[in-house]
file work.cif (mmCIF, C-alpha atoms, pLDDT in the B column; chains and numbers go by the auth columns)
data_data
#
loop_
_atom_site.group_PDB
_atom_site.id
_atom_site.type_symbol
_atom_site.label_atom_id
_atom_site.label_comp_id
_atom_site.label_asym_id
_atom_site.label_seq_id
_atom_site.Cartn_x
_atom_site.Cartn_y
_atom_site.Cartn_z
_atom_site.B_iso_or_equiv
_atom_site.auth_seq_id
_atom_site.auth_asym_id
ATOM 1 C CA MET A 1 -68.474 5.455 -1.281 87.00 765 A
ATOM 2 C CA THR A 2 -71.950 6.183 -2.577 92.00 766 A
ATOM 3 C CA LYS A 3 -72.977 5.880 -6.222 95.00 767 A
ATOM 4 C CA GLY A 4 -72.977 9.680 -6.533 95.00 768 A
ATOM 5 C CA GLN A 5 -69.481 9.943 -5.061 96.00 769 A
ATOM 6 C CA ILE A 6 -68.146 7.314 -7.460 97.00 770 A
ATOM 7 C CA GLU A 7 -69.817 9.070 -10.406 97.00 771 A
ATOM 8 C CA ALA A 8 -68.121 12.321 -9.321 97.00 772 A
ATOM 9 C CA LYS A 9 -64.722 10.569 -9.029 97.00 773 A
ATOM 10 C CA ILE A 10 -65.148 9.095 -12.514 98.00 774 A
ATOM 11 C CA SER A 11 -65.986 12.571 -13.843 98.00 775 A
ATOM 12 C CA GLU A 12 -62.805 13.900 -12.229 96.00 776 A
ATOM 13 C CA ALA A 13 -60.723 11.078 -13.748 96.00 777 A
ATOM 14 C CA VAL A 14 -62.186 11.617 -17.232 96.00 778 A
ATOM 15 C CA SER A 15 -61.693 15.379 -16.980 95.00 779 A
ATOM 16 C CA LYS A 16 -58.040 14.832 -15.990 93.00 780 A
ATOM 17 C CA PHE A 17 -57.615 12.411 -18.895 93.00 781 A
ATOM 18 C CA GLU A 18 -59.115 14.920 -21.338 92.00 782 A
ATOM 19 C CA MET A 19 -56.751 17.654 -20.125 91.00 783 A
ATOM 20 C CA GLU A 20 -53.634 15.486 -20.270 90.00 784 A
ATOM 21 C CA TYR A 21 -54.254 13.402 -23.380 85.00 785 A
ATOM 22 C CA MET A 22 -56.690 15.363 -25.502 81.00 786 A
ATOM 23 C CA GLY A 23 -55.346 18.837 -24.719 80.00 787 A
ATOM 24 C CA ARG A 24 -58.496 20.402 -23.305 83.00 788 A
ATOM 25 C CA GLY A 25 -60.982 19.650 -20.564 87.00 789 A
ATOM 26 C CA PRO A 26 -64.755 19.964 -20.859 93.00 790 A
ATOM 27 C CA LYS A 27 -66.799 22.889 -19.542 94.00 791 A
ATOM 28 C CA GLN A 28 -69.320 20.428 -18.094 97.00 792 A
ATOM 29 C CA ILE A 29 -69.164 16.718 -17.364 97.00 793 A
ATOM 30 C CA LYS A 30 -71.705 14.250 -16.032 98.00 794 A
ATOM 31 C CA THR A 31 -71.309 10.559 -15.263 98.00 795 A
ATOM 32 C CA ILE A 32 -74.116 8.042 -14.836 98.00 796 A
ATOM 33 C CA ILE A 33 -73.709 4.448 -13.650 97.00 797 A
ATOM 34 C CA THR A 34 -76.441 2.086 -14.817 97.00 798 A
ATOM 35 C CA GLU A 35 -75.946 -1.567 -13.944 97.00 799 A
ATOM 36 C CA ASP A 36 -72.814 -2.644 -15.889 97.00 800 A
ATOM 37 C CA ILE A 37 -72.543 0.506 -18.005 98.00 801 A
ATOM 38 C CA ILE A 38 -71.007 3.889 -17.251 98.00 802 A
ATOM 39 C CA VAL A 39 -71.924 6.832 -19.480 98.00 803 A
ATOM 40 C CA VAL A 40 -69.869 10.013 -19.338 98.00 804 A
ATOM 41 C CA ARG A 41 -71.206 13.095 -21.137 98.00 805 A
ATOM 42 C CA LEU A 42 -68.851 15.990 -21.785 97.00 806 A
ATOM 43 C CA LEU A 43 -69.994 19.393 -23.013 96.00 807 A
ATOM 44 C CA GLY A 44 -67.865 22.238 -24.305 93.00 808 A
ATOM 45 C CA PHE A 45 -64.762 20.219 -25.134 87.00 809 A
ATOM 46 C CA LEU A 46 -63.980 21.687 -28.573 89.00 810 A
ATOM 47 C CA SER A 47 -61.162 24.217 -28.860 87.00 811 A
ATOM 48 C CA PRO A 48 -61.779 27.507 -30.730 89.00 812 A
ATOM 49 C CA THR A 49 -59.793 26.113 -33.679 90.00 813 A
ATOM 50 C CA GLU A 50 -61.911 22.936 -33.750 91.00 814 A
ATOM 51 C CA LYS A 51 -65.083 25.050 -33.681 91.00 815 A
ATOM 52 C CA LYS A 52 -63.856 26.856 -36.815 93.00 816 A
ATOM 53 C CA LEU A 53 -62.936 23.555 -38.493 92.00 817 A
ATOM 54 C CA ALA A 54 -66.365 22.128 -37.636 93.00 818 A
ATOM 55 C CA GLN A 55 -67.989 24.632 -39.992 94.00 819 A
ATOM 56 C CA THR A 56 -67.140 22.434 -42.987 95.00 820 A
ATOM 57 C CA LYS A 57 -67.764 18.779 -43.737 94.00 821 A
ATOM 58 C CA ASP A 58 -64.046 18.127 -44.253 95.00 822 A
ATOM 59 C CA GLY A 59 -63.287 19.873 -40.974 94.00 823 A
ATOM 60 C CA VAL A 60 -65.788 17.719 -39.091 94.00 824 A
ATOM 61 C CA GLU A 61 -64.239 14.563 -40.560 95.00 825 A
ATOM 62 C CA LEU A 62 -60.767 15.772 -39.599 94.00 826 A
ATOM 63 C CA ILE A 63 -61.789 16.546 -36.012 93.00 827 A
ATOM 64 C CA LYS A 64 -63.450 13.154 -35.624 93.00 828 A
ATOM 65 C CA LYS A 65 -60.468 11.315 -37.102 94.00 829 A
ATOM 66 C CA VAL A 66 -57.895 13.143 -34.961 92.00 830 A
ATOM 67 C CA ARG A 67 -59.931 12.804 -31.774 90.00 831 A
ATOM 68 C CA ALA A 68 -60.661 9.119 -32.415 92.00 832 A
ATOM 69 C CA THR A 69 -56.958 8.430 -33.022 94.00 833 A
ATOM 70 C CA LEU A 70 -55.902 10.312 -29.875 91.00 834 A
ATOM 71 C CA PHE A 71 -58.538 8.460 -27.851 92.00 835 A
ATOM 72 C CA GLU A 72 -57.529 5.033 -29.171 92.00 836 A
ATOM 73 C CA ASN A 73 -53.859 5.703 -28.446 93.00 837 A
ATOM 74 C CA ALA A 74 -54.559 6.746 -24.837 93.00 838 A
ATOM 75 C CA LYS A 75 -57.522 4.471 -24.042 93.00 839 A
ATOM 76 C CA GLU A 76 -55.444 2.185 -21.803 94.00 840 A
ATOM 77 C CA GLU A 77 -54.581 5.139 -19.578 95.00 841 A
ATOM 78 C CA LEU A 78 -58.261 6.077 -19.246 95.00 842 A
ATOM 79 C CA GLU A 79 -59.080 2.459 -18.407 96.00 843 A
ATOM 80 C CA LYS A 80 -56.434 2.523 -15.668 96.00 844 A
ATOM 81 C CA LEU A 81 -57.821 5.775 -14.204 95.00 845 A
ATOM 82 C CA ILE A 82 -61.397 4.438 -14.175 97.00 846 A
ATOM 83 C CA LYS A 83 -60.374 1.073 -12.710 96.00 847 A
ATOM 84 C CA GLU A 84 -58.642 2.866 -9.817 95.00 848 A
ATOM 85 C CA VAL A 85 -62.002 4.432 -8.950 96.00 849 A
ATOM 86 C CA ILE A 86 -64.352 1.474 -9.435 96.00 850 A
ATOM 87 C CA ASP A 87 -62.135 -1.604 -8.914 93.00 851 A
ATOM 88 C CA VAL A 88 -64.129 -3.568 -11.509 94.00 852 A
ATOM 89 C CA ASP A 89 -62.791 -5.101 -14.726 95.00 853 A
ATOM 90 C CA ILE A 90 -63.637 -3.077 -17.811 97.00 854 A
ATOM 91 C CA ALA A 91 -64.971 -4.911 -20.855 97.00 855 A
ATOM 92 C CA GLY A 92 -64.720 -1.982 -23.290 96.00 856 A
ATOM 93 C CA ILE A 93 -64.476 1.779 -23.698 97.00 857 A
ATOM 94 C CA TYR A 94 -66.119 3.614 -26.590 96.00 858 A
ATOM 95 C CA SER A 95 -66.278 7.276 -27.541 94.00 859 A
ATOM 96 C CA ASP A 96 -67.926 9.562 -30.070 93.00 860 A
ATOM 97 C CA VAL A 97 -68.089 13.319 -30.594 93.00 861 A
ATOM 98 C CA ASN A 98 -70.769 15.636 -31.937 93.00 862 A
ATOM 99 C CA THR A 99 -69.123 18.706 -33.432 92.00 863 A
ATOM 100 C CA THR A 100 -72.459 20.463 -33.956 90.00 864 A
ATOM 101 C CA ASN A 101 -73.195 20.887 -30.256 91.00 865 A
ATOM 102 C CA GLY A 102 -69.717 20.313 -28.806 90.00 866 A
ATOM 103 C CA GLU A 103 -70.725 17.131 -27.018 94.00 867 A
ATOM 104 C CA LYS A 104 -68.699 13.982 -26.419 95.00 868 A
ATOM 105 C CA VAL A 105 -69.965 10.717 -24.992 97.00 869 A
ATOM 106 C CA ILE A 106 -67.803 7.988 -23.491 97.00 870 A
ATOM 107 C CA VAL A 107 -69.410 4.619 -22.769 98.00 871 A
ATOM 108 C CA ILE A 108 -67.634 2.159 -20.489 98.00 872 A
ATOM 109 C CA THR A 109 -68.896 -1.416 -20.315 98.00 873 A
ATOM 110 C CA LEU A 110 -68.044 -3.523 -17.278 97.00 874 A
ATOM 111 C CA ASN A 111 -67.723 -7.230 -16.537 96.00 875 A
ATOM 112 C CA GLU A 112 -70.104 -6.988 -13.574 95.00 876 A
ATOM 113 C CA ASN A 113 -73.062 -4.968 -12.347 96.00 877 A
ATOM 114 C CA LEU A 114 -71.413 -2.040 -10.549 96.00 878 A
ATOM 115 C CA GLU A 115 -74.710 -0.417 -9.582 92.00 879 A
ATOM 116 C CA LYS A 116 -75.828 -3.577 -7.765 91.00 880 A
ATOM 117 C CA ARG A 117 -72.502 -3.741 -5.936 88.00 881 A
ATOM 118 C CA LEU A 118 -72.949 -0.164 -4.682 85.00 882 A
ATOM 119 C CA ARG A 119 -76.300 -0.825 -3.002 78.00 883 A
#

call {"tool": "encode", "arguments": {"input": "work.cif", "output": "C-alpha cells"}}
result
Amino acid sequence: MTKGQIEAKISEAVSKFEMEYMGRGPKQIKTIITEDIIVVRLLGFLSPTEKKLAQTKDGVELIKKVRATLFENAKEELEKLIKEVIDVDIAGIYSDVNTTNGEKVIVITLNENLEKRLR
C-alpha cells in the first residue's frame, strides 16, 4: 500500500473508533504520517449537546474530562485498530480536543520510522 492509502485506512479506523467508543464520528478527518509520528485531525466531532456545554468554562472542563476519560478507557482498542493497518509497534497515543472550533487531534508515536518503510 502507498502512504496515502495507509493514511486513508488509519482515518477509517479512527472514524470507526470514534463512532463505537466516543458515540459520534467526525464530519472531516485527515491523517498524516511523518517519520515515526502519525497525526490524525478530526473536525466536527462535538454533539449538539456538547456544543451547548462548551459555551461555559465549566462546560468546557466537563467535556474535556469526559472525553479524556472515554479515550483513556478505550485507547487499547484504538491501538489495536491502528496496528492492524500499519503493523508497527506503537510507543504512545495522545489526544486533545478544542471545544472552540470542534477540533480533535490524536498523535500516535511509533517505535520505528513508518514513512521510511513505505518508500

call {"tool": "residues_around", "arguments": {"input": "work.cif", "residues": "Tyr858 (chain A)", "least_positions_apart": "6", "cutoff": "10 Å", "atoms": "only C-alpha atoms", "output": "list in words"}}
result
Val803, Ala832, Phe835, Glu836, Lys839, Val869, Ile870, Val871, Ile872 and Thr873 of chain A

call {"tool": "residues_around", "arguments": {"input": "work.cif", "residues": "Ala818 (chain A)", "least_positions_apart": "3", "cutoff": "12 Å", "atoms": "all atoms listed in the file", "output": "list in words"}}
result
Leu810, Ser811, Pro812, Thr813, Glu814, Lys815, Lys821, Asp822, Gly823, Val824, Glu825, Leu826, Ile827, Lys828, Val861, Asn862, Thr863, Thr864, Asn865 and Gly866 of chain A

call {"tool": "resolve_selection", "arguments": {"input": "work.cif", "expression": "the PyMOL selection byres ((chain A and resi 787-799) around 8)", "output": "PyMOL selection string"}}
result
chain A and resi 767+771-772+774-775+779-780+782-786+800-811+876-880

call {"tool": "write_last_selection", "arguments": {"input": "work.cif", "atoms": "C-alpha atoms", "output": "mmCIF file, in the frame of the given file"}}
result
data_model
loop_
_atom_site.group_PDB
_atom_site.id
_atom_site.type_symbol
_atom_site.label_atom_id
_atom_site.label_comp_id
_atom_site.auth_asym_id
_atom_site.auth_seq_id
_atom_site.Cartn_x
_atom_site.Cartn_y
_atom_site.Cartn_z
ATOM 1 C CA LYS A 767 -72.977 5.880 -6.222
ATOM 2 C CA GLU A 771 -69.817 9.070 -10.406
ATOM 3 C CA ALA A 772 -68.121 12.321 -9.321
ATOM 4 C CA ILE A 774 -65.148 9.095 -12.514
ATOM 5 C CA SER A 775 -65.986 12.571 -13.843
ATOM 6 C CA SER A 779 -61.693 15.379 -16.980
ATOM 7 C CA LYS A 780 -58.040 14.832 -15.990
ATOM 8 C CA GLU A 782 -59.115 14.920 -21.338
ATOM 9 C CA MET A 783 -56.751 17.654 -20.125
ATOM 10 C CA GLU A 784 -53.634 15.486 -20.270
ATOM 11 C CA TYR A 785 -54.254 13.402 -23.380
ATOM 12 C CA MET A 786 -56.690 15.363 -25.502
ATOM 13 C CA ASP A 800 -72.814 -2.644 -15.889
ATOM 14 C CA ILE A 801 -72.543 0.506 -18.005
ATOM 15 C CA ILE A 802 -71.007 3.889 -17.251
ATOM 16 C CA VAL A 803 -71.924 6.832 -19.480
ATOM 17 C CA VAL A 804 -69.869 10.013 -19.338
ATOM 18 C CA ARG A 805 -71.206 13.095 -21.137
ATOM 19 C CA LEU A 806 -68.851 15.990 -21.785
ATOM 20 C CA LEU A 807 -69.994 19.393 -23.013
ATOM 21 C CA GLY A 808 -67.865 22.238 -24.305
ATOM 22 C CA PHE A 809 -64.762 20.219 -25.134
ATOM 23 C CA LEU A 810 -63.980 21.687 -28.573
ATOM 24 C CA SER A 811 -61.162 24.217 -28.860
ATOM 25 C CA GLU A 876 -70.104 -6.988 -13.574
ATOM 26 C CA ASN A 877 -73.062 -4.968 -12.347
ATOM 27 C CA LEU A 878 -71.413 -2.040 -10.549
ATOM 28 C CA GLU A 879 -74.710 -0.417 -9.582
ATOM 29 C CA LYS A 880 -75.828 -3.577 -7.765
#

call {"tool": "atom_distance", "arguments": {"input": "work.cif", "atom1": "CA of Lys868 (chain A)", "atom2": "CA of Phe781 (chain A)"}}
result
13.5 Å

call {"tool": "atom_distance", "arguments": {"input": "work.cif", "atom1": "CA of Ala855 (chain A)", "atom2": "CA of Thr833 (chain A)"}}
result
19.8 Å

call {"tool": "atom_distance", "arguments": {"input": "work.cif", "atom1": "CA of Asp860 (chain A)", "atom2": "CA of Met765 (chain A)"}}
result
29.1 Å

call {"tool": "axis_aligned_box", "arguments": {"input": "work.cif", "around": "region 784-788 of chain A", "padding_each_side": "6 Å", "output": "AutoDock Vina command-line options"}}
result
--center_x -56.1 --center_y 16.9 --center_z -22.9 --size_x 16.9 --size_y 19.0 --size_z 17.2

call {"tool": "resolve_selection", "arguments": {"input": "work.cif", "expression": "the PyMOL selection byres ((chain A and resi 849) around 7)", "output": "list in words"}}
result
Ile770, Lys773, Ile774, Leu845, Ile846, Lys847, Glu848, Ile850 and Asp851 of chain A

call {"tool": "closest_residue", "arguments": {"input": "work.cif", "among": "A:Val852, A:Leu817, A:Val830, A:Ala838", "to": "Leu882 (chain A)", "atoms": "only C-alpha atoms"}}
result
A:Val852

call {"tool": "decode", "arguments": {"input": "work.cif", "residues": "region 771-785 of chain A", "atoms": "all heavy atoms", "output": "compact mmCIF listing (two decimals), in the first residue's frame"}}
result
# COMPACT_ATOMS: atom_id res chain seq x y z
N GLU A 771 -2.70 6.17 5.12
CA GLU A 771 -3.29 7.30 5.83
C GLU A 771 -4.82 7.22 5.78
O GLU A 771 -5.50 7.47 6.78
CB GLU A 771 -2.79 8.62 5.25
CG GLU A 771 -1.33 8.89 5.59
CD GLU A 771 -0.71 10.05 4.82
OE1 GLU A 771 -1.24 10.42 3.75
OE2 GLU A 771 0.31 10.57 5.29
N ALA A 772 -5.36 6.87 4.62
CA ALA A 772 -6.82 6.74 4.47
C ALA A 772 -7.36 5.60 5.35
O ALA A 772 -8.41 5.75 5.99
CB ALA A 772 -7.19 6.50 3.00
N LYS A 773 -6.64 4.48 5.41
CA LYS A 773 -7.07 3.35 6.25
C LYS A 773 -7.04 3.72 7.73
O LYS A 773 -7.91 3.32 8.50
CB LYS A 773 -6.17 2.13 6.01
CG LYS A 773 -6.36 1.49 4.66
CD LYS A 773 -7.28 0.33 4.81
CE LYS A 773 -7.33 -0.44 3.50
NZ LYS A 773 -8.56 -1.18 3.37
N ILE A 774 -6.03 4.49 8.13
CA ILE A 774 -5.95 4.95 9.52
C ILE A 774 -7.13 5.87 9.81
O ILE A 774 -7.77 5.75 10.86
CB ILE A 774 -4.60 5.64 9.81
CG1 ILE A 774 -3.46 4.62 9.74
CG2 ILE A 774 -4.64 6.35 11.17
CD1 ILE A 774 -2.07 5.23 9.74
N SER A 775 -7.44 6.77 8.89
CA SER A 775 -8.60 7.65 9.06
C SER A 775 -9.88 6.84 9.24
O SER A 775 -10.71 7.15 10.11
CB SER A 775 -8.75 8.60 7.87
OG SER A 775 -7.72 9.55 7.84
N GLU A 776 -10.04 5.80 8.44
CA GLU A 776 -11.22 4.94 8.55
C GLU A 776 -11.27 4.26 9.93
O GLU A 776 -12.33 4.20 10.55
CB GLU A 776 -11.20 3.86 7.47
CG GLU A 776 -11.48 4.34 6.07
CD GLU A 776 -11.28 3.25 5.03
OE1 GLU A 776 -11.38 2.05 5.35
OE2 GLU A 776 -11.00 3.61 3.88
N ALA A 777 -10.12 3.76 10.39
CA ALA A 777 -10.06 3.08 11.69
C ALA A 777 -10.38 4.05 12.82
O ALA A 777 -11.13 3.70 13.74
CB ALA A 777 -8.67 2.46 11.89
N VAL A 778 -9.85 5.26 12.77
CA VAL A 778 -10.11 6.25 13.81
C VAL A 778 -11.57 6.67 13.79
O VAL A 778 -12.21 6.81 14.83
CB VAL A 778 -9.16 7.46 13.68
CG1 VAL A 778 -9.58 8.58 14.62
CG2 VAL A 778 -7.72 7.05 13.96
N SER A 779 -12.12 6.85 12.60
CA SER A 779 -13.53 7.22 12.48
C SER A 779 -14.43 6.14 13.07
O SER A 779 -15.38 6.43 13.82
CB SER A 779 -13.88 7.47 11.01
OG SER A 779 -15.15 8.03 10.90
N LYS A 780 -14.11 4.88 12.79
CA LYS A 780 -14.86 3.75 13.35
C LYS A 780 -14.76 3.75 14.88
O LYS A 780 -15.75 3.58 15.59
CB LYS A 780 -14.31 2.44 12.78
CG LYS A 780 -14.96 1.20 13.34
CD LYS A 780 -14.32 -0.06 12.78
CE LYS A 780 -14.92 -1.29 13.44
NZ LYS A 780 -14.27 -2.52 13.04
N PHE A 781 -13.56 3.96 15.38
CA PHE A 781 -13.32 4.03 16.82
C PHE A 781 -14.17 5.14 17.45
O PHE A 781 -14.81 4.94 18.48
CB PHE A 781 -11.83 4.27 17.09
CG PHE A 781 -11.51 4.60 18.52
CD1 PHE A 781 -11.39 3.60 19.47
CD2 PHE A 781 -11.33 5.92 18.92
CE1 PHE A 781 -11.09 3.90 20.78
CE2 PHE A 781 -11.04 6.23 20.24
CZ PHE A 781 -10.91 5.21 21.17
N GLU A 782 -14.16 6.31 16.84
CA GLU A 782 -14.92 7.44 17.36
C GLU A 782 -16.41 7.12 17.43
O GLU A 782 -17.08 7.44 18.41
CB GLU A 782 -14.68 8.70 16.50
CG GLU A 782 -13.30 9.30 16.67
CD GLU A 782 -13.10 9.99 18.00
OE1 GLU A 782 -14.02 10.69 18.48
OE2 GLU A 782 -12.02 9.84 18.59
N MET A 783 -16.92 6.47 16.39
CA MET A 783 -18.34 6.10 16.36
C MET A 783 -18.67 5.10 17.47
O MET A 783 -19.64 5.27 18.19
CB MET A 783 -18.72 5.50 15.01
CG MET A 783 -18.75 6.48 13.87
SD MET A 783 -20.09 7.65 13.97
CE MET A 783 -21.49 6.58 13.69
N GLU A 784 -17.85 4.08 17.60
CA GLU A 784 -18.14 3.00 18.53
C GLU A 784 -17.86 3.34 20.00
O GLU A 784 -18.60 2.94 20.88
CB GLU A 784 -17.35 1.75 18.15
CG GLU A 784 -17.84 1.12 16.86
CD GLU A 784 -17.05 -0.13 16.46
OE1 GLU A 784 -16.20 -0.59 17.24
OE2 GLU A 784 -17.30 -0.61 15.34
N TYR A 785 -16.77 4.08 20.24
CA TYR A 785 -16.36 4.30 21.62
C TYR A 785 -16.63 5.71 22.15
O TYR A 785 -16.72 5.91 23.35
CB TYR A 785 -14.87 3.96 21.80
CG TYR A 785 -14.64 2.49 21.67
CD1 TYR A 785 -14.31 1.92 20.44
CD2 TYR A 785 -14.79 1.64 22.76
CE1 TYR A 785 -14.12 0.56 20.30
CE2 TYR A 785 -14.61 0.28 22.63
CZ TYR A 785 -14.27 -0.25 21.39
OH TYR A 785 -14.10 -1.61 21.28
